[in-house]
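Chemist: So that you have it, the file is start_39.pdb, and it contains PDB, C-alpha atoms:
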```
MODEL        1
ATOM      1  CA  MET A   1       0.000   0.000   0.000
ATOM      2  CA  SER A   2       1.254   3.437  -0.981
ATOM      3  CA  LYS A   3      -0.049   6.968  -0.762
ATOM      4  CA  TYR A   4      -0.472   8.439  -4.234
ATOM      5  CA  LEU A   5      -0.982  12.080  -5.061
ATOM      6  CA  VAL A   6      -2.832  12.307  -8.367
ATOM      7  CA  THR A   7      -3.177  15.718  -9.975
ATOM      8  CA  GLY A   8      -6.106  16.028 -12.330
ATOM      9  CA  ALA A   9      -8.048  13.497 -10.239
ATOM     10  CA  ALA A  10     -11.380  14.823 -11.564
ATOM     11  CA  GLY A  11     -10.132  14.445 -15.138
ATOM     12  CA  PHE A  12     -10.705  11.552 -17.507
ATOM     13  CA  ILE A  13      -7.545   9.523 -16.908
ATOM     14  CA  GLY A  14      -7.176  10.726 -13.311
ATOM     15  CA  PHE A  15     -10.644   9.429 -12.444
ATOM     16  CA  HIS A  16      -9.952   5.961 -13.822
ATOM     17  CA  LEU A  17      -6.475   5.853 -12.243
ATOM     18  CA  THR A  18      -7.882   6.839  -8.862
ATOM     19  CA  HIS A  19     -10.304   3.903  -8.857
ATOM     20  CA  LYS A  20      -7.652   1.450 -10.061
ATOM     21  CA  LEU A  21      -5.354   2.481  -7.209
ATOM     22  CA  LEU A  22      -8.134   2.369  -4.608
ATOM     23  CA  ASP A  23      -9.149  -1.098  -5.850
ATOM     24  CA  ARG A  24      -5.685  -2.436  -5.088
ATOM     25  CA  GLY A  25      -5.572  -0.884  -1.604
ATOM     26  CA  ASP A  26      -3.612   2.331  -2.124
ATOM     27  CA  THR A  27      -4.769   5.667  -0.758
ATOM     28  CA  VAL A  28      -5.206   8.565  -3.172
ATOM     29  CA  VAL A  29      -4.898  12.278  -2.562
ATOM     30  CA  GLY A  30      -6.417  14.157  -5.477
ATOM     31  CA  VAL A  31      -5.466  17.658  -6.554
ATOM     32  CA  ASP A  32      -7.880  19.205  -9.054
ATOM     33  CA  ILE A  33      -9.139  22.777  -9.332
ATOM     34  CA  VAL A  34     -12.096  21.573 -11.498
ATOM     35  CA  ASN A  35     -11.769  24.319 -14.109
ATOM     36  CA  ASP A  36     -14.204  25.011 -16.938
ATOM     37  CA  TYR A  37     -12.090  24.040 -19.971
ATOM     38  CA  TYR A  38     -14.936  21.603 -20.567
ATOM     39  CA  ASP A  39     -18.222  20.993 -18.756
ATOM     40  CA  PRO A  40     -17.333  20.996 -15.036
ATOM     41  CA  THR A  41     -20.477  19.026 -14.196
ATOM     42  CA  LEU A  42     -18.824  15.958 -15.759
ATOM     43  CA  LYS A  43     -15.735  16.540 -13.609
ATOM     44  CA  GLU A  44     -17.908  16.973 -10.526
ATOM     45  CA  ALA A  45     -19.727  13.718 -11.338
ATOM     46  CA  ARG A  46     -16.419  11.868 -11.569
ATOM     47  CA  LEU A  47     -15.276  13.464  -8.331
ATOM     48  CA  ALA A  48     -18.504  12.486  -6.572
ATOM     49  CA  LYS A  49     -17.919   8.824  -7.428
ATOM     50  CA  SER A  50     -14.349   9.048  -6.133
ATOM     51  CA  ASN A  51     -15.384  10.870  -2.950
ATOM     52  CA  ALA A  52     -17.741   7.991  -2.199
ATOM     53  CA  ARG A  53     -14.740   5.669  -1.953
ATOM     54  CA  GLU A  54     -12.811   5.077   1.258
ATOM     55  CA  GLY A  55      -9.186   6.167   0.982
ATOM     56  CA  PHE A  56      -9.744   9.174  -1.298
ATOM     57  CA  LYS A  57      -9.738  12.904  -0.707
ATOM     58  CA  ASN A  58      -9.428  15.824  -3.132
ATOM     59  CA  TYR A  59      -7.969  19.292  -2.741
ATOM     60  CA  LYS A  60      -9.361  21.976  -5.061
ATOM     61  CA  VAL A  61      -5.993  23.537  -5.764
ATOM     62  CA  ALA A  62      -4.475  24.807  -9.010
ATOM     63  CA  LEU A  63      -0.934  23.688  -9.847
ATOM     64  CA  GLU A  64       0.116  27.298 -10.411
ATOM     65  CA  ASP A  65      -0.934  28.174  -6.811
ATOM     66  CA  ARG A  66       2.505  27.430  -5.413
ATOM     67  CA  ASP A  67       1.816  27.994  -1.706
ATOM     68  CA  ALA A  68      -1.399  25.943  -1.668
ATOM     69  CA  LEU A  69       0.211  23.099  -3.609
ATOM     70  CA  TYR A  70       3.246  23.023  -1.327
ATOM     71  CA  GLN A  71       0.943  22.859   1.696
ATOM     72  CA  VAL A  72      -0.812  19.785   0.274
ATOM     73  CA  PHE A  73       2.547  18.055  -0.186
ATOM     74  CA  LYS A  74       3.685  19.071   3.292
ATOM     75  CA  ASP A  75       0.490  17.777   4.909
ATOM     76  CA  GLU A  76       0.115  14.570   2.893
ATOM     77  CA  LYS A  77       3.721  13.449   2.191
ATOM     78  CA  PRO A  78       2.824  11.227  -0.800
ATOM     79  CA  ASP A  79       5.036   8.283  -1.726
ATOM     80  CA  VAL A  80       4.294   8.554  -5.452
ATOM     81  CA  VAL A  81       3.055  11.517  -7.477
ATOM     82  CA  VAL A  82       1.229  11.089 -10.789
ATOM     83  CA  ASN A  83       0.873  14.435 -12.536
ATOM     84  CA  LEU A  84      -2.036  14.293 -14.976
ATOM     85  CA  ALA A  85      -3.303  17.854 -14.530
ATOM     86  CA  ALA A  86      -2.516  20.030 -17.522
ATOM     87  CA  GLN A  87      -4.093  22.368 -19.988
ATOM     88  CA  ALA A  88      -4.973  19.911 -22.734
ATOM     89  CA  GLY A  89      -5.861  20.295 -26.388
ATOM     90  CA  VAL A  90      -3.900  21.143 -29.511
ATOM     91  CA  ARG A  91      -6.419  23.505 -31.155
ATOM     92  CA  TYR A  92      -7.151  25.395 -27.916
ATOM     93  CA  SER A  93      -3.444  26.258 -27.682
ATOM     94  CA  LEU A  94      -3.717  28.293 -30.881
ATOM     95  CA  THR A  95      -6.027  30.810 -29.218
ATOM     96  CA  ASN A  96      -5.241  30.472 -25.502
ATOM     97  CA  PRO A  97      -1.443  30.108 -25.236
ATOM     98  CA  HIS A  98      -1.114  31.572 -21.747
ATOM     99  CA  ALA A  99      -3.260  28.798 -20.258
ATOM    100  CA  TYR A 100      -0.519  26.342 -21.272
ATOM    101  CA  VAL A 101       2.237  28.433 -19.730
ATOM    102  CA  ASP A 102       0.349  28.735 -16.426
ATOM    103  CA  SER A 103      -0.614  25.087 -16.014
ATOM    104  CA  ASN A 104       1.925  23.101 -18.021
ATOM    105  CA  LEU A 105       5.057  25.124 -17.305
ATOM    106  CA  VAL A 106       4.570  27.098 -14.074
ATOM    107  CA  GLY A 107       2.409  24.340 -12.611
ATOM    108  CA  PHE A 108       4.866  21.608 -13.535
ATOM    109  CA  VAL A 109       7.875  23.336 -11.984
ATOM    110  CA  ASN A 110       5.790  23.694  -8.818
ATOM    111  CA  ILE A 111       5.200  19.928  -8.886
ATOM    112  CA  LEU A 112       8.923  19.279  -9.353
ATOM    113  CA  GLU A 113       9.855  21.561  -6.458
ATOM    114  CA  ALA A 114       7.208  20.040  -4.205
ATOM    115  CA  CYS A 115       8.473  16.522  -5.001
ATOM    116  CA  ARG A 116      12.083  17.567  -4.430
ATOM    117  CA  HIS A 117      11.441  19.069  -1.006
ATOM    118  CA  ASN A 118       9.109  16.343   0.262
ATOM    119  CA  GLU A 119      11.205  13.256  -0.571
ATOM    120  CA  THR A 120       8.811  11.890  -3.180
ATOM    121  CA  LYS A 121       9.970   8.418  -4.218
ATOM    122  CA  HIS A 122       8.777   8.628  -7.832
ATOM    123  CA  LEU A 123       7.200  11.298 -10.035
ATOM    124  CA  VAL A 124       5.222   9.942 -12.983
ATOM    125  CA  TYR A 125       3.858  12.584 -15.352
ATOM    126  CA  ALA A 126       1.741  12.739 -18.461
ATOM    127  CA  SER A 127       3.527  13.734 -21.615
ATOM    128  CA  SER A 128       1.874  13.259 -25.013
ATOM    129  CA  SER A 129       2.272  11.681 -28.419
ATOM    130  CA  SER A 130       2.048  15.281 -29.662
ATOM    131  CA  VAL A 131       5.747  15.724 -28.835
ATOM    132  CA  TYR A 132       6.600  13.736 -31.978
ATOM    133  CA  GLY A 133       5.388  16.710 -34.007
ATOM    134  CA  ALA A 134       6.903  16.776 -37.490
ATOM    135  CA  ASN A 135       8.580  13.382 -37.011
ATOM    136  CA  LYS A 136       7.469  11.041 -39.820
ATOM    137  CA  THR A 137       9.419   7.908 -38.818
ATOM    138  CA  MET A 138       6.843   5.278 -37.820
ATOM    139  CA  PRO A 139       6.230   3.853 -35.322
ATOM    140  CA  PHE A 140       7.139   6.707 -32.974
ATOM    141  CA  SER A 141       9.883   5.619 -30.587
ATOM    142  CA  ILE A 142      11.103   7.192 -27.343
ATOM    143  CA  HIS A 143      14.577   6.816 -28.834
ATOM    144  CA  HIS A 144      13.714   9.265 -31.645
ATOM    145  CA  SER A 145      14.515  12.957 -31.463
ATOM    146  CA  VAL A 146      11.435  15.103 -30.751
ATOM    147  CA  ASP A 147      12.812  18.569 -31.356
ATOM    148  CA  HIS A 148      10.200  19.827 -33.832
ATOM    149  CA  PRO A 149       6.800  20.225 -32.108
ATOM    150  CA  VAL A 150       3.994  21.697 -34.220
ATOM    151  CA  SER A 151       1.779  23.130 -31.447
ATOM    152  CA  LEU A 152       2.352  25.013 -28.211
ATOM    153  CA  TYR A 153       0.665  22.148 -26.368
ATOM    154  CA  ALA A 154       3.275  19.743 -27.754
ATOM    155  CA  ALA A 155       6.070  22.167 -26.908
ATOM    156  CA  SER A 156       4.845  22.430 -23.315
ATOM    157  CA  LYS A 157       4.880  18.634 -22.970
ATOM    158  CA  LYS A 158       8.390  18.419 -24.426
ATOM    159  CA  ALA A 159       9.383  21.129 -21.930
ATOM    160  CA  ASN A 160       8.010  18.964 -19.115
ATOM    161  CA  GLU A 161      10.298  16.134 -20.172
ATOM    162  CA  LEU A 162      13.299  18.478 -20.188
ATOM    163  CA  MET A 163      12.393  19.974 -16.815
ATOM    164  CA  ALA A 164      11.937  16.508 -15.291
ATOM    165  CA  HIS A 165      15.334  15.419 -16.596
ATOM    166  CA  THR A 166      16.958  18.433 -14.953
ATOM    167  CA  TYR A 167      15.504  17.475 -11.559
ATOM    168  CA  SER A 168      16.477  13.837 -12.016
ATOM    169  CA  HIS A 169      20.029  14.959 -12.825
ATOM    170  CA  LEU A 170      20.439  17.639 -10.148
ATOM    171  CA  TYR A 171      18.526  16.148  -7.246
ATOM    172  CA  GLY A 172      18.257  12.425  -7.995
ATOM    173  CA  LEU A 173      14.456  12.670  -8.215
ATOM    174  CA  PRO A 174      13.213   9.575 -10.098
ATOM    175  CA  THR A 175      10.934  10.747 -12.904
ATOM    176  CA  THR A 176       9.056   8.885 -15.623
ATOM    177  CA  GLY A 177       7.282  10.606 -18.511
ATOM    178  CA  LEU A 178       4.426   8.855 -20.290
ATOM    179  CA  ARG A 179       3.554   9.748 -23.860
ATOM    180  CA  PHE A 180      -0.147   8.930 -24.154
ATOM    181  CA  PHE A 181      -1.673   8.187 -27.555
ATOM    182  CA  THR A 182      -5.275   9.339 -28.236
ATOM    183  CA  VAL A 183      -6.984   8.103 -25.087
ATOM    184  CA  TYR A 184     -10.701   7.262 -25.251
ATOM    185  CA  GLY A 185     -13.333   5.388 -23.267
ATOM    186  CA  PRO A 186     -16.152   5.830 -20.717
ATOM    187  CA  TRP A 187     -16.163   9.133 -18.803
ATOM    188  CA  GLY A 188     -14.046  10.604 -21.622
ATOM    189  CA  ARG A 189     -13.345  14.231 -22.473
ATOM    190  CA  PRO A 190     -16.092  16.119 -24.343
ATOM    191  CA  ASP A 191     -13.505  17.896 -26.524
ATOM    192  CA  MET A 192     -12.191  14.641 -28.013
ATOM    193  CA  ALA A 193     -13.331  13.329 -31.407
ATOM    194  CA  LEU A 194     -15.210  10.215 -30.230
ATOM    195  CA  PHE A 195     -17.257  12.227 -27.730
ATOM    196  CA  LEU A 196     -17.957  15.047 -30.221
ATOM    197  CA  PHE A 197     -18.951  12.584 -32.946
ATOM    198  CA  THR A 198     -21.256  10.597 -30.655
ATOM    199  CA  LYS A 199     -23.046  13.712 -29.419
ATOM    200  CA  ALA A 200     -23.484  15.139 -32.914
ATOM    201  CA  ILE A 201     -24.707  11.891 -34.498
ATOM    202  CA  LEU A 202     -27.276  11.281 -31.756
ATOM    203  CA  GLU A 203     -28.488  14.884 -32.106
ATOM    204  CA  GLY A 204     -28.726  14.581 -35.893
ATOM    205  CA  ARG A 205     -25.974  17.106 -36.592
ATOM    206  CA  PRO A 206     -23.078  16.689 -39.062
ATOM    207  CA  ILE A 207     -19.575  15.843 -37.838
ATOM    208  CA  ASP A 208     -16.387  17.627 -38.901
ATOM    209  CA  VAL A 209     -13.893  15.158 -40.401
ATOM    210  CA  PHE A 210     -10.484  16.776 -40.721
ATOM    211  CA  ASN A 211      -7.869  16.113 -43.406
ATOM    212  CA  TYR A 212     -10.766  14.721 -45.469
ATOM    213  CA  GLY A 213     -10.710  11.606 -43.300
ATOM    214  CA  LYS A 214      -7.117  10.751 -44.152
ATOM    215  CA  MET A 215      -6.048  10.514 -40.505
ATOM    216  CA  ARG A 216      -4.669   7.539 -38.577
ATOM    217  CA  ARG A 217      -4.641   7.469 -34.804
ATOM    218  CA  ASP A 218      -3.286   5.004 -32.275
ATOM    219  CA  PHE A 219      -6.548   5.025 -30.293
ATOM    220  CA  THR A 220      -5.763   3.716 -26.802
ATOM    221  CA  TYR A 221      -8.483   2.551 -24.425
ATOM    222  CA  VAL A 222      -8.424   4.227 -21.026
ATOM    223  CA  ASP A 223      -8.167   0.964 -19.048
ATOM    224  CA  ASP A 224      -4.975   0.152 -20.967
ATOM    225  CA  ILE A 225      -3.575   3.603 -20.230
ATOM    226  CA  VAL A 226      -4.289   3.210 -16.521
ATOM    227  CA  GLU A 227      -2.780  -0.282 -16.377
ATOM    228  CA  GLY A 228       0.359   1.122 -17.946
ATOM    229  CA  VAL A 229       0.488   4.048 -15.501
ATOM    230  CA  VAL A 230       0.163   1.771 -12.476
ATOM    231  CA  ARG A 231       2.815  -0.661 -13.681
ATOM    232  CA  VAL A 232       5.220   2.145 -14.504
ATOM    233  CA  SER A 233       4.622   3.851 -11.151
ATOM    234  CA  ASP A 234       5.724   0.623  -9.427
ATOM    235  CA  ASN A 235       8.887   0.540 -11.553
ATOM    236  CA  VAL A 236      11.130   3.326 -10.247
ATOM    237  CA  PRO A 237      13.640   4.340 -12.950
ATOM    238  CA  GLN A 238      17.329   3.713 -12.453
ATOM    239  CA  PRO A 239      20.229   5.475 -14.182
ATOM    240  CA  ASN A 240      21.190   3.854 -17.481
ATOM    241  CA  PRO A 241      24.818   2.692 -16.995
ATOM    242  CA  ASN A 242      25.304   2.527 -20.770
ATOM    243  CA  TRP A 243      24.131   6.072 -21.433
ATOM    244  CA  SER A 244      26.729   8.230 -23.157
ATOM    245  CA  ALA A 245      26.624  11.860 -24.205
ATOM    246  CA  ASP A 246      28.572  10.870 -27.319
ATOM    247  CA  ASP A 247      25.602   8.869 -28.563
ATOM    248  CA  ALA A 248      22.803  10.181 -26.372
ATOM    249  CA  ASP A 249      19.637   8.098 -26.068
ATOM    250  CA  PRO A 250      16.667  10.523 -25.713
ATOM    251  CA  GLY A 251      14.600   7.898 -23.881
ATOM    252  CA  SER A 252      16.878   7.309 -20.884
ATOM    253  CA  SER A 253      19.725   9.007 -19.028
ATOM    254  CA  HIS A 254      22.661   8.793 -16.657
ATOM    255  CA  ALA A 255      20.072  10.118 -14.169
ATOM    256  CA  PRO A 256      17.023   8.214 -12.774
ATOM    257  CA  TYR A 257      14.885   9.318 -15.717
ATOM    258  CA  LYS A 258      12.764   7.363 -18.220
ATOM    259  CA  LEU A 259      10.216   7.855 -20.956
ATOM    260  CA  TYR A 260       7.588   5.441 -22.269
ATOM    261  CA  ASN A 261       4.981   5.438 -25.000
ATOM    262  CA  ILE A 262       1.584   4.096 -23.971
ATOM    263  CA  GLY A 263      -0.327   3.444 -27.167
ATOM    264  CA  ASN A 264      -2.289   0.642 -28.763
ATOM    265  CA  ASN A 265       0.540  -0.040 -31.254
ATOM    266  CA  GLU A 266      -2.060  -0.404 -34.019
ATOM    267  CA  PRO A 267      -3.106   2.804 -35.809
ATOM    268  CA  VAL A 268      -6.717   2.974 -36.950
ATOM    269  CA  GLU A 269      -8.051   4.961 -39.903
ATOM    270  CA  LEU A 270     -10.304   7.761 -38.700
ATOM    271  CA  MET A 271     -13.006   6.675 -41.147
ATOM    272  CA  TYR A 272     -12.955   3.157 -39.701
ATOM    273  CA  MET A 273     -13.424   4.569 -36.194
ATOM    274  CA  ILE A 274     -16.412   6.546 -37.496
ATOM    275  CA  GLU A 275     -17.857   3.432 -39.183
ATOM    276  CA  THR A 276     -17.462   1.506 -35.919
ATOM    277  CA  LEU A 277     -19.222   4.288 -34.035
ATOM    278  CA  GLU A 278     -22.066   4.367 -36.571
ATOM    279  CA  LYS A 279     -22.624   0.641 -36.086
ATOM    280  CA  CYS A 280     -22.708   0.998 -32.291
ATOM    281  CA  LEU A 281     -25.157   3.904 -32.504
ATOM    282  CA  GLY A 282     -27.270   2.406 -35.269
ATOM    283  CA  LYS A 283     -27.115   5.738 -37.119
ATOM    284  CA  THR A 284     -25.140   7.065 -40.087
ATOM    285  CA  ALA A 285     -23.246  10.316 -39.679
ATOM    286  CA  GLU A 286     -23.518  13.262 -42.032
ATOM    287  CA  LYS A 287     -19.886  14.245 -42.646
ATOM    288  CA  ASN A 288     -18.311  17.627 -43.285
ATOM    289  CA  MET A 289     -15.005  16.764 -44.972
ATOM    290  CA  MET A 290     -12.505  19.448 -43.980
ATOM    291  CA  PRO A 291      -8.778  20.223 -44.425
ATOM    292  CA  MET A 292      -6.097  19.494 -41.832
ATOM    293  CA  GLN A 293      -6.164  21.845 -38.856
ATOM    294  CA  PRO A 294      -3.099  23.867 -37.798
ATOM    295  CA  GLY A 295      -1.005  22.033 -35.207
ATOM    296  CA  ASP A 296      -2.460  18.627 -36.093
ATOM    297  CA  VAL A 297      -0.555  15.636 -37.506
ATOM    298  CA  PRO A 298      -1.835  13.083 -40.060
ATOM    299  CA  ALA A 299      -0.869   9.945 -38.137
ATOM    300  CA  THR A 300       0.301   8.598 -34.768
ATOM    301  CA  TYR A 301       1.717   5.140 -34.083
ATOM    302  CA  ALA A 302       3.360   4.056 -30.818
ATOM    303  CA  ASP A 303       6.402   1.829 -30.468
ATOM    304  CA  VAL A 304       5.822   0.209 -27.043
ATOM    305  CA  GLU A 305       8.846  -2.106 -27.018
ATOM    306  CA  ASP A 306      10.367  -0.459 -23.927
ATOM    307  CA  LEU A 307       7.076  -0.630 -22.027
ATOM    308  CA  VAL A 308       6.742  -4.340 -22.786
ATOM    309  CA  ARG A 309      10.355  -5.039 -21.830
ATOM    310  CA  ASP A 310      10.334  -3.100 -18.544
ATOM    311  CA  VAL A 311       6.832  -3.686 -17.134
ATOM    312  CA  GLY A 312       5.500  -6.571 -19.227
ATOM    313  CA  PHE A 313       2.487  -4.772 -20.637
ATOM    314  CA  SER A 314       1.203  -3.716 -24.048
ATOM    315  CA  PRO A 315      -2.199  -2.058 -24.641
ATOM    316  CA  ALA A 316      -4.403  -4.298 -26.765
ATOM    317  CA  THR A 317      -8.099  -3.353 -26.431
ATOM    318  CA  PRO A 318      -9.636  -3.469 -29.958
ATOM    319  CA  ILE A 319     -11.272  -0.275 -31.216
ATOM    320  CA  GLU A 320     -14.563  -2.167 -31.652
ATOM    321  CA  THR A 321     -14.663  -3.089 -27.956
ATOM    322  CA  GLY A 322     -13.585   0.319 -26.728
ATOM    323  CA  VAL A 323     -16.058   2.279 -28.840
ATOM    324  CA  ALA A 324     -18.923  -0.032 -27.816
ATOM    325  CA  ASN A 325     -18.049   0.498 -24.143
ATOM    326  CA  PHE A 326     -17.959   4.261 -24.630
ATOM    327  CA  VAL A 327     -21.337   4.334 -26.391
ATOM    328  CA  GLU A 328     -22.901   2.212 -23.632
ATOM    329  CA  TRP A 329     -21.581   4.645 -21.002
ATOM    330  CA  TYR A 330     -22.642   7.723 -23.003
ATOM    331  CA  ARG A 331     -26.213   6.478 -23.478
ATOM    332  CA  GLY A 332     -26.478   5.633 -19.799
ATOM    333  CA  TYR A 333     -24.915   8.818 -18.460
ATOM    334  CA  TYR A 334     -26.889  11.171 -20.720
ATOM    335  CA  ASN A 335     -29.996   8.973 -20.833
ATOM    336  CA  VAL A 336     -30.186   8.864 -24.633
TER     337      VAL A 336
ENDMDL
END
```
Represent the structure contained in this file as structure tokens.
Modeler:
Amino acid sequence: MSKYLVTGAAGFIGFHLTHKLLDRGDTVVGVDIVNDYYDPTLKEARLAKSNAREGFKNYKVALEDRDALYQVFKDEKPDVVVNLAAQAGVRYSLTNPHAYVDSNLVGFVNILEACRHNETKHLVYASSSSVYGANKTMPFSIHHSVDHPVSLYAASKKANELMAHTYSHLYGLPTTGLRFFTVYGPWGRPDMALFLFTKAILEGRPIDVFNYGKMRRDFTYVDDIVEGVVRVSDNVPQPNPNWSADDADPGSSHAPYKLYNIGNNEPVELMYMIETLEKCLGKTAEKNMMPMQPGDVPATYADVEDLVRDVGFSPATPIETGVANFVEWYRGYYNV
């Protein structure tokens, strides 16, 4: 049994992670300000289910509120920190850049400092497949260079990885960054494609299909993401004795620092995902075929070899199963 501090505990992944940890006997301290980036009533509903569980408590604190965050760490002394709170979304970053600086940069350095001064045993944090940016070598590997992000969101996540490495190097703080690939499933985010498509189709409205449908995504079911997070959190990174600055491996370090992809390792055509959704809903979507959006990429594809080697796990939930589970939840939650 460990005490986990989970930031973003009212969020999509944070909610599922909280229940997974509670199920195995850990205690969970949530930190979530419950902002209005998307419908806060969904966040409050998630939080209500978590609050009903023994072993959970949540602090409504923003990561950029340094003093309040430090007080939570001082009072709770968590063994493991999982930082999932962040300003999410690629397109939102085009019009609201300062939100990413406040949460993803200022907030993250506050997390690092709080971990450093409270003897945290392991910091696990959410990065993103977006860091691969203009990289076209498939599948995306943690051993590839990721120096050409194409959105501020991606740049902020790459910055998190750099900041974490600095703290691992200077202070010996074990840190692990997780590059998530297109997470979906029950209790998902309303700004994500599957949620938007489901809502529109059921309401008889057209859906916007970007890049004229020529998109491929490594859709990863939320239960697989959470299983990966838990296994990685139990696997504290060690310095790589073979690491050399002469031939630097971006995915590891001479410090206790590691990166992993968590993706389904099987890209799916966007149009196939839509067809699968139409079957589950029993309705055909009217489609607005549109060009690629700024900051977006045409394809994502995760190399999970390191994850399999180190923690013995590879996401494998088929898109058909995951979409059906989401639709069942959506119909039940919204009574449609």
Chemist: Please, what distance in Å, to one decimal, runs between CA of Met1 (chain A) and CA of Arg24 (chain A)?
Modeler: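 One can read the CA of Met1 (chain A) to CA of Arg24 (chain A) distance as 8.0 Å.
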Chemist: Any idea what the distance is between CA of Lys121 (chain A) and CA of Ala86 (chain A)?
Modeler: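 Straight-line distance from CA of Lys121 (chain A) to CA of Ala86 (chain A) works out to 21.6 Å.
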Chemist: Could you tell me which of A:Asp32, A:Glu227, A:Glu44, A:Asp23 comes closest to Val6 (chain A) if we count only C-alpha atoms?
Modeler: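 Result for the nearest residue to Val6 (chain A): A:Asp32.
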Chemist: I would like the residues chosen by the PyMOL selection byres ((chain A and resi 26) around 7) on the shown file; could you give them as an NGL selection string?
Modeler: :A and (1-3 or 21-22 or 24-25 or 27-28)
Chemist: Which polymer residues, whether protein, DNA or RNA, lie within 9 Å of the coordinate (3.5, 5.3, -21.3) when you count only C-alpha atoms? List them as a tab-separated table (two decimals) with C-alpha atoms, in the frame of the given file, using the chain letters and numbers from the file.
Modeler:
```
chain	number	residue	atom	x	y	z
A	126	ALA	CA	1.74	12.74	-18.46
A	127	SER	CA	3.53	13.73	-21.62
A	128	SER	CA	1.87	13.26	-25.01
A	176	THR	CA	9.06	8.88	-15.62
A	177	GLY	CA	7.28	10.61	-18.51
A	178	LEU	CA	4.43	8.86	-20.29
A	179	ARG	CA	3.55	9.75	-23.86
A	180	PHE	CA	-0.15	8.93	-24.15
A	181	PHE	CA	-1.67	8.19	-27.56
A	225	ILE	CA	-3.58	3.60	-20.23
A	228	GLY	CA	0.36	1.12	-17.95
A	229	VAL	CA	0.49	4.05	-15.50
A	232	VAL	CA	5.22	2.14	-14.50
A	259	LEU	CA	10.22	7.86	-20.96
A	260	TYR	CA	7.59	5.44	-22.27
A	261	ASN	CA	4.98	5.44	-25.00
A	262	ILE	CA	1.58	4.10	-23.97
A	263	GLY	CA	-0.33	3.44	-27.17
A	304	VAL	CA	5.82	0.21	-27.04
A	307	LEU	CA	7.08	-0.63	-22.03
```
Chemist: Residues picked by the PyMOL selection byres ((chain A and resi 175) around 12) here, as number ranges by chain?
Modeler: A: 80-83, 111-112, 115-116, 120-127, 160-169, 171-174, 176-178, 232-239, 251-253, 255-260
Chemist: Considering all atoms listed in the file, state which residue in the set A:Asp102, A:Leu270, A:Asp39, A:Tyr92 is at the smallest distance from Arg66 (chain A).
Modeler: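 Comparing A:Asp102, A:Leu270, A:Asp39, A:Tyr92 against Arg66 (chain A), the winner is A:Asp102.
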